[in-house]
$ cat final.cif   # mmCIF, C-alpha atoms, pLDDT in the B column; chains and numbers go by the auth columns
data_final
loop_
_atom_site.group_PDB
_atom_site.id
_atom_site.type_symbol
_atom_site.label_atom_id
_atom_site.label_comp_id
_atom_site.label_asym_id
_atom_site.label_seq_id
_atom_site.Cartn_x
_atom_site.Cartn_y
_atom_site.Cartn_z
_atom_site.B_iso_or_equiv
_atom_site.auth_seq_id
_atom_site.auth_asym_id
ATOM 1 C CA MET A 1 11.355 57.007 23.489 62.00 1 A
ATOM 2 C CA LYS A 2 10.913 60.348 21.724 73.00 2 A
ATOM 3 C CA THR A 3 13.547 63.044 22.098 82.00 3 A
ATOM 4 C CA LEU A 4 12.073 65.899 24.116 87.00 4 A
ATOM 5 C CA THR A 5 12.909 69.539 23.546 92.00 5 A
ATOM 6 C CA PRO A 6 13.569 72.180 26.197 95.00 6 A
ATOM 7 C CA GLU A 7 10.267 73.752 25.084 96.00 7 A
ATOM 8 C CA PHE A 8 8.421 70.542 26.030 94.00 8 A
ATOM 9 C CA TYR A 9 9.835 70.697 29.553 94.00 9 A
ATOM 10 C CA ARG A 10 9.160 74.432 29.883 97.00 10 A
ATOM 11 C CA GLU A 11 5.531 74.025 28.846 97.00 11 A
ATOM 12 C CA LEU A 12 5.021 71.001 31.106 95.00 12 A
ATOM 13 C CA GLU A 13 6.536 72.896 34.048 96.00 13 A
ATOM 14 C CA GLU A 14 4.180 75.818 33.412 98.00 14 A
ATOM 15 C CA ILE A 15 1.200 73.444 33.516 97.00 15 A
ATOM 16 C CA GLN A 16 2.480 71.894 36.734 96.00 16 A
ATOM 17 C CA ALA A 17 2.916 75.334 38.329 98.00 17 A
ATOM 18 C CA VAL A 18 -0.626 76.410 37.462 97.00 18 A
ATOM 19 C CA ASP A 19 -2.028 73.096 38.682 96.00 19 A
ATOM 20 C CA PHE A 20 -0.128 73.529 41.961 97.00 20 A
ATOM 21 C CA VAL A 21 -1.847 76.904 42.415 97.00 21 A
ATOM 22 C CA ILE A 22 -5.206 75.197 41.806 95.00 22 A
ATOM 23 C CA VAL A 23 -4.501 72.542 44.441 95.00 23 A
ATOM 24 C CA ASP A 24 -3.319 75.156 46.926 96.00 24 A
ATOM 25 C CA LEU A 25 -6.364 77.359 46.338 95.00 25 A
ATOM 26 C CA THR A 26 -8.653 74.335 46.649 94.00 26 A
ATOM 27 C CA LEU A 27 -7.243 73.596 50.101 95.00 27 A
ATOM 28 C CA TYR A 28 -7.573 77.253 51.102 94.00 28 A
ATOM 29 C CA LEU A 29 -11.153 77.459 49.814 94.00 29 A
ATOM 30 C CA HIS A 30 -12.155 74.428 51.869 92.00 30 A
ATOM 31 C CA THR A 31 -11.691 76.592 54.953 94.00 31 A
ATOM 32 C CA HIS A 32 -12.480 80.001 53.405 95.00 32 A
ATOM 33 C CA PRO A 33 -15.348 79.339 50.959 92.00 33 A
ATOM 34 C CA ASP A 34 -16.583 82.939 51.032 93.00 34 A
ATOM 35 C CA ASP A 35 -13.293 84.496 49.893 94.00 35 A
ATOM 36 C CA LEU A 36 -14.410 85.958 46.566 95.00 36 A
ATOM 37 C CA GLU A 37 -10.905 86.927 45.447 96.00 37 A
ATOM 38 C CA ALA A 38 -9.656 83.381 46.042 94.00 38 A
ATOM 39 C CA VAL A 39 -12.596 81.981 44.073 95.00 39 A
ATOM 40 C CA LYS A 40 -11.797 84.365 41.217 95.00 40 A
ATOM 41 C CA GLN A 41 -8.133 83.345 41.294 95.00 41 A
ATOM 42 C CA TYR A 42 -9.149 79.679 41.372 95.00 42 A
ATOM 43 C CA ASN A 43 -11.421 80.080 38.331 95.00 43 A
ATOM 44 C CA THR A 44 -8.790 82.040 36.423 95.00 44 A
ATOM 45 C CA SER A 45 -6.204 79.366 37.195 95.00 45 A
ATOM 46 C CA VAL A 46 -8.528 76.563 36.053 94.00 46 A
ATOM 47 C CA GLN A 47 -9.181 78.420 32.807 96.00 47 A
ATOM 48 C CA LYS A 48 -5.440 78.932 32.273 97.00 48 A
ATOM 49 C CA SER A 49 -4.688 75.278 33.063 94.00 49 A
ATOM 50 C CA LYS A 50 -7.245 74.056 30.534 93.00 50 A
ATOM 51 C CA LYS A 51 -5.850 76.375 27.858 97.00 51 A
ATOM 52 C CA LEU A 52 -2.241 75.348 28.503 97.00 52 A
ATOM 53 C CA LYS A 53 -3.140 71.644 28.495 94.00 53 A
ATOM 54 C CA LYS A 54 -5.089 71.969 25.252 93.00 54 A
ATOM 55 C CA GLU A 55 -2.140 73.702 23.574 95.00 55 A
ATOM 56 C CA PHE A 56 0.313 71.154 25.005 93.00 56 A
ATOM 57 C CA GLU A 57 -1.756 68.211 23.780 89.00 57 A
ATOM 58 C CA MET A 58 -2.048 69.708 20.285 89.00 58 A
ATOM 59 C CA LYS A 59 1.765 69.738 20.093 90.00 59 A
ATOM 60 C CA TYR A 60 2.779 66.624 22.022 87.00 60 A
ATOM 61 C CA GLY A 61 -0.249 64.338 22.372 83.00 61 A
ATOM 62 C CA ALA A 62 -2.595 63.355 25.163 81.00 62 A
ATOM 63 C CA MET A 63 -1.602 63.963 28.782 83.00 63 A
ATOM 64 C CA THR A 64 -4.275 61.656 30.188 75.00 64 A
ATOM 65 C CA SER A 65 -6.482 58.856 28.996 69.00 65 A
ATOM 66 C CA PHE A 66 -9.889 57.445 29.911 68.00 66 A
ATOM 67 C CA GLY A 67 -11.864 60.191 28.187 63.00 67 A
ATOM 68 C CA TYR A 68 -10.130 63.271 29.589 63.00 68 A
ATOM 69 C CA SER A 69 -8.140 64.017 26.446 64.00 69 A
ATOM 70 C CA TYR A 70 -8.789 63.673 22.743 63.00 70 A
ATOM 71 C CA SER A 71 -6.549 61.419 20.704 60.00 71 A
ATOM 72 C CA ARG A 72 -4.787 61.968 17.442 65.00 72 A
ATOM 73 C CA HIS A 73 -4.994 59.373 14.696 64.00 73 A
ATOM 74 C CA PRO A 74 -3.574 56.841 14.985 61.00 74 A
ATOM 75 C CA PHE A 75 -4.296 56.460 18.694 60.00 75 A
ATOM 76 C CA ASP A 76 -1.058 57.646 20.275 64.00 76 A
ATOM 77 C CA TYR A 77 -1.560 57.653 24.027 61.00 77 A
ATOM 78 C CA LYS A 78 0.441 54.445 24.240 63.00 78 A
ATOM 79 C CA GLU A 79 3.498 56.288 22.905 68.00 79 A
ATOM 80 C CA ALA A 80 6.070 57.253 25.534 63.00 80 A
ATOM 81 C CA PRO A 81 6.977 59.441 27.229 71.00 81 A
ATOM 82 C CA TRP A 82 3.969 59.946 29.434 69.00 82 A
ATOM 83 C CA PRO A 83 3.922 63.068 31.624 67.00 83 A
ATOM 84 C CA TRP A 84 4.967 61.162 34.726 69.00 84 A
ATOM 85 C CA GLN A 85 7.996 59.712 32.904 75.00 85 A
ATOM 86 C CA VAL A 86 9.704 63.050 32.304 70.00 86 A
#
$ encode --input "final.cif" --output "structure tokens"
Amino acid sequence: MKTLTPEFYRELEEIQAVDFVIVDLTLYLHTHPDDLEAVKQYNTSVQKSKKLKKEFEMKYGAMTSFGYSYSRHPFDYKEAPWPWQV
């Protein structure tokens, strides 16, 4: 398994925090679909999550498979650690 830096963990934690906000806002918006400020916050969070994940994957490799992430050459998704292993 690769040796992971503190920066790897910091960046992964930031992604997880933003994704938690997205999940929380999704639940809120199910019952408050007309809350414009919540929709704006949701969209901003999604944009931030996509940006952070793209940057993370450029440094460390794919976070997901099955067409959600691009691969480097050679195909490296099989290389550990996977996000759920850290």
$ closest_residue --input "final.cif" --among "A:Pro81, A:Phe56, A:Leu36, A:Ser49" --to "Glu7 in chain A" --atoms "only C-alpha atoms"
A:Phe56
$ axis_aligned_box --input "final.cif" --around "range 37-47 of chain A" --padding-each-side "4 Å" --output "AutoDock Vina command-line options"
--center_x -9.4 --center_y 81.7 --center_z 39.4 --size_x 14.4 --size_y 18.4 --size_z 21.2
$ atom_distance --input "final.cif" --atom1 "CA of Lys59 in chain A" --atom2 "CA of Val23 in chain A"
25.3 Å
$ closest_residue --input "final.cif" --among "A:Ile22, A:Val86, A:Leu27, A:Leu12" --to "Leu52 in chain A" --atoms "all atoms listed in the file"
A:Leu12
$ atom_distance --input "final.cif" --atom1 "CA of Glu55 in chain A" --atom2 "CA of Tyr9 in chain A"
13.7 Å
$ atom_distance --input "final.cif" --atom1 "CA of Leu25 in chain A" --atom2 "CA of Asn43 in chain A"
9.9 Å
$ closest_residue --input "final.cif" --among "A:Tyr42, A:Leu29, A:Val18, A:Phe8" --to "Gly61 in chain A" --atoms "only C-alpha atoms"
A:Phe8
$ closest_residue --input "final.cif" --among "A:Thr26, A:Thr5, A:Gln85, A:Gln16" --to "Ala38 in chain A" --atoms "all atoms listed in the file"
A:Thr26
$ closest_residue --input "final.cif" --among "A:Lys40, A:Lys54, A:Lys48, A:Lys2" --to "Ala17 in chain A" --atoms "only C-alpha atoms"
A:Lys48
$ closest_residue --input "final.cif" --among "A:Met63, A:Met58, A:Leu4, A:Val21" --to "Thr44 in chain A" --atoms "only C-alpha atoms"
A:Val21
